[in-house]
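Remarks on the structure that follows.
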Amino acid sequence: MRITAAEALVRSLEEEKVEVVFGYPGGAVLEIYDALFFNKKIKHVLTRSEQAAAHAASGYARVSGKVGVCIATSGPGATNLVTGIATAYMDSIPIVAITGQVPLSQIGGDMFQEVDITGATAPFTKHNYLVKNAGDIPRIVKEAFHIASTGRPGPVLIDLPRDVAREKIDFTYPEEVSLKGYKPTLQGHPLQIVKAVEAINSAKRPVILAGGGVISSGAHDELMRLAETADIPVTVSLMGIGSFPSEHPLFLGMAGTHGMPWANEALKKADLIIALGCRFNDRLTGGAGGFNKNTKIIHVDVDPAEIGKNVKVDIPIVGDIKNVLCELLKRIEKRSRKDWKDYLEGLKGEDVVEGCGDISPLDIIGELYKQTRGELIVTTDVGAHQMWTARCYKFKHPRSFITSGGLGTMGYGLPAAIGAKIANPNKQVIHITGDGSFQMNFAELATLRENDLSVKIILFNNRGLGLVKELQDIHCGGRYSQVHFGFLPDFVKLSESYGIKALRVESKKELEEAISTMLEEEGSFLLECILTMDVRVKSMLGKEEAYESHAGSLG
Amino acid sequence: MKATLAVLVENHPGVLSRVAGLFARRGFNIESLAVGPTDNPEISRMTIVVDGDERVIEQIKKQLNKLVDVIKVSFIEPENSVSRELVMIKVNTEPEKRSEIIGIAEIFRANIIDVSRDSMIIELTGDKDKVNAMEEILRPFGIKELVRTGIIAMNRGSKCIESPEQ
């Protein structure tokens, strides 16, 4: 039976076992939405902006491990997706974004709602397609899902012109993908693995640095075995949070410019760094103040271009982290490194937050931990609240900390929480945000309500942009430029207007009960916590210092 | 340090812009770029001359390999390869200078492909040094227009750069 290319697109999504798509309709995707109208298998979640659709797809992908899908119309619909796609690209999240396009015959004529979205997104998609032949749809969808989800995951965009969408084709879905230019290396080179084993077995002060790649390759169990067998302390990048349980005695916490001083010290003093699926970006290497010249680095990553990009590596291994760790574990000898661990243990201290009033952000996160014990999924926005959460909440499971690490996208967390809740409806989903970030995408409260989703929102309100303010302290002599909000809405009433219960706390003694009320609420809930305007993240290096150390690490 | 890369790519529209965009956004310098289809019409071959230190050139190769449309990236070593560039030079030719210019063209084994009352177009093929030398010698006569194709290069001997079989 002949069907339209738009119907073929939806059928192809079914073939890829897609259960949910996030999107926003428009003129150039009428055919796709008409095909979705008749579809019974795929749930469509209507967000309130296209950016939120992309973030929701990303949150869904991060929690489920599957490919997230979002749809937007041409022109402004497509450009609104851009931030979401770039966010997913920087954090290596598999999403497939589908955009409508003006008719093929009119492309280039500056038509109504025309934009060159394949051109615009080329720098931050793993690959993208402009569909010119209707008959190519099944192959392109198959390839898009394959590319998005294999190797180093990432976003893929499919741009479908309206006239192509209307053409009729015979539908058959391909069984296999054949791409001459895309063959990720998944097995580590045996000789490199031997070298790595020797280096690990003979190291005196080794430290493991786990990044997001450990989570995306599902290698957390292997990481645990490596750490425990060889008795090696573990630190993580922001994206690596959740790859190793925070309560474990070998865990050092997050490293980097906003990380724990003892984690940075471990990287500095180590004789061997075993870096797994991390990028050594400036936020991470800056914290360590440059690595010691004598420190050996083993770097395992599925993306060969990451190895040697930001730091010089002694033992590079290109491959899937899980595969490589399984190989390493066959030959790793049992060790006890008491002196090294004792030394690091001695450096550990309490995290401090300066400038607090009655409520410290750490009290809030501490209380949340006390009542949830790591059995939740947290999404965050970007700013001070994100750093407090990353540093102080004791995450237990992989795929439980969902944050925009690489791009640092404010407004990410609420739509990501929607995707997270749909991916895992049985888990408590908590969105931790600040007053700045929350105002960027709070329209998604409507999406929450419309879909009867239960997401708990903790809003840290310091009436401004705390992290930027802190940078202005360090770099601008405390001249605060545009970091205080002169007007803020009443967040409790705002939430209530969406039919979402809300509560405001201003003192520490209210916290325990407020958090318990929030957690017990069946539906969504917003808890606004009033902080002082002077509260600081601290333990942060000046940017120059970080840059300097970064440049130094290139050797 | 300069390096010459032979890049096999899918012969699709948009591939050139992906490659050029990659160089621009990662801050890599392109010295020369030439592209055309191979004997297999589905595959094009680019010859790219780049400038950078060892680390940058390694990154260029790796980043090019990440593009799905890029099938294969190989280095071409100058000592084991031949390289050519084609140039067309429109030069001022006052009547009394005409024979002198024809003489120069002959020495360089260049062709004169267009003649008018006061100008000529000279076509020259050669490696970069030869093309530069010709340009320098013609400069005093007054070069009105010059166009170069960019360098193309191939390994000597039986060593080939082929698309891997699927």
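Chains: A, B, ... in order of the structure tokens. Residues: from 1 per chain. Ligands: from 1, in order shown.
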
Give one line per residue of chain B that approaches chain A to at most 6 Å, naming the two atoms of the closest pair and their distance in Å to one decimal, counting only C-alpha atoms; sort by chain then ascending residue number and deliver it as a tab-separated table.
```
residue	atom	partner	partner_atom	distance
B:Lys62	CA	A:Ala305	CA	5.0
B:Val68	CA	A:Gly181	CA	5.0
B:Asp69	CA	A:Gly181	CA	5.7
B:Val70	CA	A:Gly181	CA	5.2
B:Ile71	CA	A:Gly181	CA	4.0
```

Could you write out that same residue set with N, CA, C and O atoms as a short mmCIF file (atom, residue, chain, number, x, y, z; two decimals), in the first residue's frame?
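What ended up in selection_1.cif:
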```
data_model
loop_
_atom_site.label_atom_id
_atom_site.label_comp_id
_atom_site.auth_asym_id
_atom_site.auth_seq_id
_atom_site.Cartn_x
_atom_site.Cartn_y
_atom_site.Cartn_z
N LYS B 62 41.11 13.86 12.75
CA LYS B 62 40.10 13.20 13.58
C LYS B 62 38.73 13.85 13.43
O LYS B 62 37.71 13.16 13.37
N VAL B 68 29.97 12.23 9.06
CA VAL B 68 29.41 11.00 8.50
C VAL B 68 29.64 10.92 7.00
O VAL B 68 29.85 9.84 6.44
N ASP B 69 29.65 12.06 6.32
CA ASP B 69 29.84 12.07 4.87
C ASP B 69 31.30 11.86 4.46
O ASP B 69 31.58 11.70 3.28
N VAL B 70 32.20 11.91 5.42
CA VAL B 70 33.61 11.69 5.10
C VAL B 70 33.90 10.20 5.19
O VAL B 70 33.68 9.57 6.22
N ILE B 71 34.40 9.64 4.09
CA ILE B 71 34.61 8.19 4.03
C ILE B 71 36.03 7.84 4.47
O ILE B 71 36.24 6.88 5.19
#
```

### Query
What lies within 9 Å of Arg504 in chain A using only C-alpha atoms, ignoring chain neighbours under 2 positions off, as a list in words?
Phe491, Val492, Ala502, Glu506, Ala514, Leu526, Leu527, Glu528, Cys529 and Ile530 of chain A

### Message
I'd like the neighbourhood of range 150-152 of chain B as a list in words, where a residue qualifies if any of its atoms comes within 6 Å (using only C-alpha atoms), though same-chain residues fewer than 3 positions away should be ignored.
### Response
Ser32, Leu33, Ala34, Thr47, Ser83, Arg84 and Glu85 of chain B

### Task
Using CA of Asp53 in chain B and CA of Val35 in chain B as the two end points, give the distance in Å to one decimal.
24.1 Å

### Pick from B:Ala3, B:Gly36, B:Gly126, B:Gly103, whichever lies nearest to Glu58 in chain B using only C-alpha atoms
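Distance minimum relative to Glu58 in chain B lands on B:Ala3.
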
### Query
Counting only C-alpha atoms, what is within 9 Å of His12 in chain B, bar same-chain residues fewer than 4 positions away, as a ChimeraX atom specification?
/B:16,42-44,69

Could the residues in this selection be saved with N, CA and C atoms as an mmCIF file, in the first residue's frame?
```cif
data_model
loop_
_atom_site.group_PDB
_atom_site.id
_atom_site.type_symbol
_atom_site.label_atom_id
_atom_site.label_comp_id
_atom_site.auth_asym_id
_atom_site.auth_seq_id
_atom_site.Cartn_x
_atom_site.Cartn_y
_atom_site.Cartn_z
ATOM 1 N N LEU B 16 30.614 19.856 0.936
ATOM 2 C CA LEU B 16 31.680 20.856 0.930
ATOM 3 C C LEU B 16 31.465 21.869 2.055
ATOM 4 N N GLU B 42 29.735 8.310 -7.082
ATOM 5 C CA GLU B 42 29.148 8.526 -5.759
ATOM 6 C C GLU B 42 30.150 9.141 -4.776
ATOM 7 N N ILE B 43 31.415 9.145 -5.167
ATOM 8 C CA ILE B 43 32.451 9.600 -4.239
ATOM 9 C C ILE B 43 33.233 10.757 -4.847
ATOM 10 N N SER B 44 33.420 11.803 -4.059
ATOM 11 C CA SER B 44 34.277 12.916 -4.476
ATOM 12 C C SER B 44 35.575 12.852 -3.687
ATOM 13 N N ASP B 69 29.648 12.062 6.319
ATOM 14 C CA ASP B 69 29.839 12.070 4.873
ATOM 15 C C ASP B 69 31.296 11.861 4.463
#
```

List every residue of range 29-156 of chain B that DSSP, applied to the backbone, labels as alpha helix (DSSP H), and write the result as a PDB file with N, CA, C and O atoms, in the first residue's frame.
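And here is the file that came out, result13.pdb:
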```
ATOM      1  N   GLU B  54      51.608  19.790  14.849  1.00  0.00           N
ATOM      2  CA  GLU B  54      51.279  18.369  14.769  1.00  0.00           C
ATOM      3  C   GLU B  54      49.926  18.041  15.424  1.00  0.00           C
ATOM      4  O   GLU B  54      49.114  17.295  14.894  1.00  0.00           O
ATOM      5  N   ARG B  55      49.706  18.681  16.602  1.00  0.00           N
ATOM      6  CA  ARG B  55      48.484  18.415  17.351  1.00  0.00           C
ATOM      7  C   ARG B  55      47.250  18.896  16.571  1.00  0.00           C
ATOM      8  O   ARG B  55      46.232  18.216  16.509  1.00  0.00           O
ATOM      9  N   VAL B  56      47.383  20.078  15.967  1.00  0.00           N
ATOM     10  CA  VAL B  56      46.265  20.638  15.201  1.00  0.00           C
ATOM     11  C   VAL B  56      45.964  19.757  13.993  1.00  0.00           C
ATOM     12  O   VAL B  56      44.804  19.442  13.696  1.00  0.00           O
ATOM     13  N   ILE B  57      47.021  19.313  13.320  1.00  0.00           N
ATOM     14  CA  ILE B  57      46.809  18.503  12.116  1.00  0.00           C
ATOM     15  C   ILE B  57      46.179  17.155  12.475  1.00  0.00           C
ATOM     16  O   ILE B  57      45.290  16.664  11.786  1.00  0.00           O
ATOM     17  N   GLU B  58      46.586  16.593  13.595  1.00  0.00           N
ATOM     18  CA  GLU B  58      45.986  15.356  14.075  1.00  0.00           C
ATOM     19  C   GLU B  58      44.492  15.569  14.374  1.00  0.00           C
ATOM     20  O   GLU B  58      43.639  14.754  14.035  1.00  0.00           O
ATOM     21  N   GLN B  59      44.177  16.703  15.025  1.00  0.00           N
ATOM     22  CA  GLN B  59      42.782  17.044  15.324  1.00  0.00           C
ATOM     23  C   GLN B  59      41.980  17.215  14.030  1.00  0.00           C
ATOM     24  O   GLN B  59      40.847  16.773  13.947  1.00  0.00           O
ATOM     25  N   ILE B  60      42.580  17.869  13.030  1.00  0.00           N
ATOM     26  CA  ILE B  60      41.869  18.071  11.761  1.00  0.00           C
ATOM     27  C   ILE B  60      41.477  16.719  11.181  1.00  0.00           C
ATOM     28  O   ILE B  60      40.338  16.503  10.775  1.00  0.00           O
ATOM     29  N   LYS B  61      42.434  15.792  11.184  1.00  0.00           N
ATOM     30  CA  LYS B  61      42.144  14.464  10.632  1.00  0.00           C
ATOM     31  C   LYS B  61      41.018  13.787  11.421  1.00  0.00           C
ATOM     32  O   LYS B  61      40.081  13.236  10.851  1.00  0.00           O
ATOM     33  N   LYS B  62      41.112  13.859  12.748  1.00  0.00           N
ATOM     34  CA  LYS B  62      40.098  13.198  13.581  1.00  0.00           C
ATOM     35  C   LYS B  62      38.729  13.849  13.427  1.00  0.00           C
ATOM     36  O   LYS B  62      37.708  13.159  13.368  1.00  0.00           O
ATOM     37  N   GLN B  63      38.711  15.174  13.391  1.00  0.00           N
ATOM     38  CA  GLN B  63      37.422  15.855  13.269  1.00  0.00           C
ATOM     39  C   GLN B  63      36.795  15.600  11.903  1.00  0.00           C
ATOM     40  O   GLN B  63      35.580  15.441  11.790  1.00  0.00           O
ATOM     41  N   LEU B  64      37.630  15.556  10.847  1.00  0.00           N
ATOM     42  CA  LEU B  64      37.094  15.231   9.523  1.00  0.00           C
ATOM     43  C   LEU B  64      36.491  13.831   9.533  1.00  0.00           C
ATOM     44  O   LEU B  64      35.411  13.599   8.991  1.00  0.00           O
ATOM     45  N   ASN B  65      37.185  12.909  10.182  1.00  0.00           N
ATOM     46  CA  ASN B  65      36.689  11.534  10.247  1.00  0.00           C
ATOM     47  C   ASN B  65      35.352  11.419  10.964  1.00  0.00           C
ATOM     48  O   ASN B  65      34.603  10.485  10.757  1.00  0.00           O
ATOM     49  N   LYS B  66      35.062  12.377  11.838  1.00  0.00           N
ATOM     50  CA  LYS B  66      33.781  12.335  12.564  1.00  0.00           C
ATOM     51  C   LYS B  66      32.599  12.689  11.669  1.00  0.00           C
ATOM     52  O   LYS B  66      31.469  12.371  11.994  1.00  0.00           O
ATOM     53  N   ARG B  98      54.897  41.145 -26.766  1.00  0.00           N
ATOM     54  CA  ARG B  98      54.189  39.883 -27.004  1.00  0.00           C
ATOM     55  C   ARG B  98      55.138  38.699 -27.181  1.00  0.00           C
ATOM     56  O   ARG B  98      54.982  37.655 -26.554  1.00  0.00           O
ATOM     57  N   SER B  99      56.174  38.858 -27.998  1.00  0.00           N
ATOM     58  CA  SER B  99      57.040  37.707 -28.277  1.00  0.00           C
ATOM     59  C   SER B  99      57.818  37.298 -27.021  1.00  0.00           C
ATOM     60  O   SER B  99      58.071  36.122 -26.784  1.00  0.00           O
ATOM     61  N   GLU B 100      58.181  38.299 -26.229  1.00  0.00           N
ATOM     62  CA  GLU B 100      58.898  37.986 -24.994  1.00  0.00           C
ATOM     63  C   GLU B 100      58.025  37.093 -24.081  1.00  0.00           C
ATOM     64  O   GLU B 100      58.489  36.092 -23.511  1.00  0.00           O
ATOM     65  N   ILE B 101      56.739  37.461 -23.991  1.00  0.00           N
ATOM     66  CA  ILE B 101      55.825  36.691 -23.121  1.00  0.00           C
ATOM     67  C   ILE B 101      55.620  35.280 -23.682  1.00  0.00           C
ATOM     68  O   ILE B 101      55.627  34.290 -22.946  1.00  0.00           O
ATOM     69  N   ILE B 102      55.501  35.201 -24.997  1.00  0.00           N
ATOM     70  CA  ILE B 102      55.342  33.863 -25.607  1.00  0.00           C
ATOM     71  C   ILE B 102      56.567  33.006 -25.291  1.00  0.00           C
ATOM     72  O   ILE B 102      56.458  31.825 -24.963  1.00  0.00           O
ATOM     73  N   GLY B 103      57.727  33.634 -25.319  1.00  0.00           N
ATOM     74  CA  GLY B 103      58.973  32.932 -24.994  1.00  0.00           C
ATOM     75  C   GLY B 103      58.957  32.397 -23.567  1.00  0.00           C
ATOM     76  O   GLY B 103      59.324  31.245 -23.310  1.00  0.00           O
ATOM     77  N   ILE B 104      58.505  33.244 -22.659  1.00  0.00           N
ATOM     78  CA  ILE B 104      58.431  32.805 -21.256  1.00  0.00           C
ATOM     79  C   ILE B 104      57.474  31.621 -21.122  1.00  0.00           C
ATOM     80  O   ILE B 104      57.783  30.618 -20.477  1.00  0.00           O
ATOM     81  N   ALA B 105      56.332  31.740 -21.785  1.00  0.00           N
ATOM     82  CA  ALA B 105      55.338  30.657 -21.726  1.00  0.00           C
ATOM     83  C   ALA B 105      55.945  29.355 -22.231  1.00  0.00           C
ATOM     84  O   ALA B 105      55.735  28.290 -21.655  1.00  0.00           O
ATOM     85  N   GLU B 106      56.728  29.442 -23.284  1.00  0.00           N
ATOM     86  CA  GLU B 106      57.345  28.225 -23.841  1.00  0.00           C
ATOM     87  C   GLU B 106      58.311  27.595 -22.850  1.00  0.00           C
ATOM     88  O   GLU B 106      58.328  26.383 -22.671  1.00  0.00           O
ATOM     89  N   ILE B 107      59.127  28.450 -22.213  1.00  0.00           N
ATOM     90  CA  ILE B 107      60.090  27.927 -21.234  1.00  0.00           C
ATOM     91  C   ILE B 107      59.363  27.167 -20.121  1.00  0.00           C
ATOM     92  O   ILE B 107      59.785  26.111 -19.685  1.00  0.00           O
ATOM     93  N   LYS B 128      53.419  23.884  -6.872  1.00  0.00           N
ATOM     94  CA  LYS B 128      53.252  25.237  -6.372  1.00  0.00           C
ATOM     95  C   LYS B 128      54.429  26.156  -6.724  1.00  0.00           C
ATOM     96  O   LYS B 128      54.232  27.311  -7.103  1.00  0.00           O
ATOM     97  N   ASP B 129      55.639  25.594  -6.640  1.00  0.00           N
ATOM     98  CA  ASP B 129      56.827  26.414  -6.897  1.00  0.00           C
ATOM     99  C   ASP B 129      56.860  26.921  -8.326  1.00  0.00           C
ATOM    100  O   ASP B 129      57.183  28.077  -8.585  1.00  0.00           O
ATOM    101  N   LYS B 130      56.507  26.048  -9.251  1.00  0.00           N
ATOM    102  CA  LYS B 130      56.536  26.416 -10.666  1.00  0.00           C
ATOM    103  C   LYS B 130      55.509  27.522 -10.928  1.00  0.00           C
ATOM    104  O   LYS B 130      55.780  28.509 -11.615  1.00  0.00           O
ATOM    105  N   VAL B 131      54.321  27.348 -10.354  1.00  0.00           N
ATOM    106  CA  VAL B 131      53.266  28.334 -10.545  1.00  0.00           C
ATOM    107  C   VAL B 131      53.693  29.686  -9.962  1.00  0.00           C
ATOM    108  O   VAL B 131      53.526  30.732 -10.601  1.00  0.00           O
ATOM    109  N   ASN B 132      54.305  29.644  -8.795  1.00  0.00           N
ATOM    110  CA  ASN B 132      54.754  30.891  -8.165  1.00  0.00           C
ATOM    111  C   ASN B 132      55.846  31.573  -8.992  1.00  0.00           C
ATOM    112  O   ASN B 132      55.858  32.793  -9.148  1.00  0.00           O
ATOM    113  N   ALA B 133      56.749  30.752  -9.554  1.00  0.00           N
ATOM    114  CA  ALA B 133      57.847  31.304 -10.343  1.00  0.00           C
ATOM    115  C   ALA B 133      57.309  32.016 -11.584  1.00  0.00           C
ATOM    116  O   ALA B 133      57.718  33.127 -11.923  1.00  0.00           O
ATOM    117  N   MET B 134      56.378  31.379 -12.251  1.00  0.00           N
ATOM    118  CA  MET B 134      55.759  31.957 -13.448  1.00  0.00           C
ATOM    119  C   MET B 134      55.086  33.290 -13.106  1.00  0.00           C
ATOM    120  O   MET B 134      55.210  34.277 -13.833  1.00  0.00           O
ATOM    121  N   GLU B 135      54.383  33.259 -12.000  1.00  0.00           N
ATOM    122  CA  GLU B 135      53.668  34.466 -11.574  1.00  0.00           C
ATOM    123  C   GLU B 135      54.652  35.625 -11.366  1.00  0.00           C
ATOM    124  O   GLU B 135      54.412  36.748 -11.827  1.00  0.00           O
ATOM    125  N   GLU B 136      55.773  35.322 -10.718  1.00  0.00           N
ATOM    126  CA  GLU B 136      56.763  36.354 -10.442  1.00  0.00           C
ATOM    127  C   GLU B 136      57.335  36.938 -11.732  1.00  0.00           C
ATOM    128  O   GLU B 136      57.514  38.147 -11.872  1.00  0.00           O
ATOM    129  N   ILE B 137      57.620  36.062 -12.703  1.00  0.00           N
ATOM    130  CA  ILE B 137      58.231  36.514 -13.944  1.00  0.00           C
ATOM    131  C   ILE B 137      57.261  37.359 -14.764  1.00  0.00           C
ATOM    132  O   ILE B 137      57.647  38.319 -15.419  1.00  0.00           O
ATOM    133  N   LEU B 138      55.979  37.031 -14.688  1.00  0.00           N
ATOM    134  CA  LEU B 138      54.996  37.778 -15.489  1.00  0.00           C
ATOM    135  C   LEU B 138      54.581  39.092 -14.830  1.00  0.00           C
ATOM    136  O   LEU B 138      54.033  39.974 -15.482  1.00  0.00           O
TER     137      LEU B 138
END
```

### Message
Excluding range 423-427 of chain A and its own-chain neighbours fewer than 4 positions away, which residues fall within 9 Å of it when counting only C-alpha atoms? Please give them as a list in words.
### Response
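Near neighbours after the sequence-gap exclusion: Gly59, Tyr60, Ala61, Arg62, Val63, Ser64, Glu375, Leu376, Ile377, Ile418, Gly419, Leu453 and Ser454 of chain A.
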
### Query
Which residues come within 10 Å of Asn323 in chain A, counting only C-alpha atoms, excluding same-chain residues fewer than 5 positions away, as a list of chain:residue names?
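Counting only C-alpha atoms, the residues come to A:Leu186, A:Gln187, A:Gly188, A:Ser217, A:Ala219, A:Glu222, A:Leu328.
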
Please produce a file of the residues just selected, as a compact mmCIF listing (two decimals), in the first residue's frame, where the atoms kept are C-alpha atoms.
```
# COMPACT_ATOMS: atom_id res chain seq x y z
CA LEU A 186 34.02 -0.06 20.07
CA GLN A 187 36.76 -2.51 21.05
CA GLY A 188 39.88 -1.14 22.69
CA SER A 217 27.95 3.24 27.85
CA ALA A 219 29.68 0.93 32.50
CA GLU A 222 32.50 -2.22 35.68
CA LEU A 328 41.01 -4.34 31.81
```

### Nearest to Asp34 in chain A by atom-to-atom distance, counting only C-alpha atoms, from A:Val69, A:Asp358, A:Thr4, A:Ala57
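Among A:Val69, A:Asp358, A:Thr4, A:Ala57, it is A:Thr4 that comes nearest to Asp34 in chain A.
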
### Task
Tell me, in Å to one decimal, how far CA of Pro13 in chain B is from CA of Ser92 in chain A.
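One can read the CA of Pro13 in chain B to CA of Ser92 in chain A distance as 26.4 Å.
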
### Task
Quick one: pick out all strand (DSSP E) residues within range 6-132 of chain A from a backbone DSSP run and write them as a ChimeraX atom specification.
/A:20-23,43-46,68-72,95-101,127-130

### Task
List the neighbours of Gly75 in chain A out to 7 Å using only C-alpha atoms; skip same-chain residues closer than 6 positions along the sequence, and give me the result as a PyMOL selection string.
chain A and resi 113-115

### Query
CA of Leu146 in chain B to CA of Ile30 in chain B: how many Å, to one decimal?
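Calculated distance between CA of Leu146 in chain B and CA of Ile30 in chain B is 19.4 Å.
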
### Nearest to Lys132 in chain A by atom-to-atom distance, counting only C-alpha atoms, from A:Asp490, A:Glu15, A:Asp271, A:Asp159
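The shortest atom-to-atom distance to Lys132 in chain A comes from A:Asp159.
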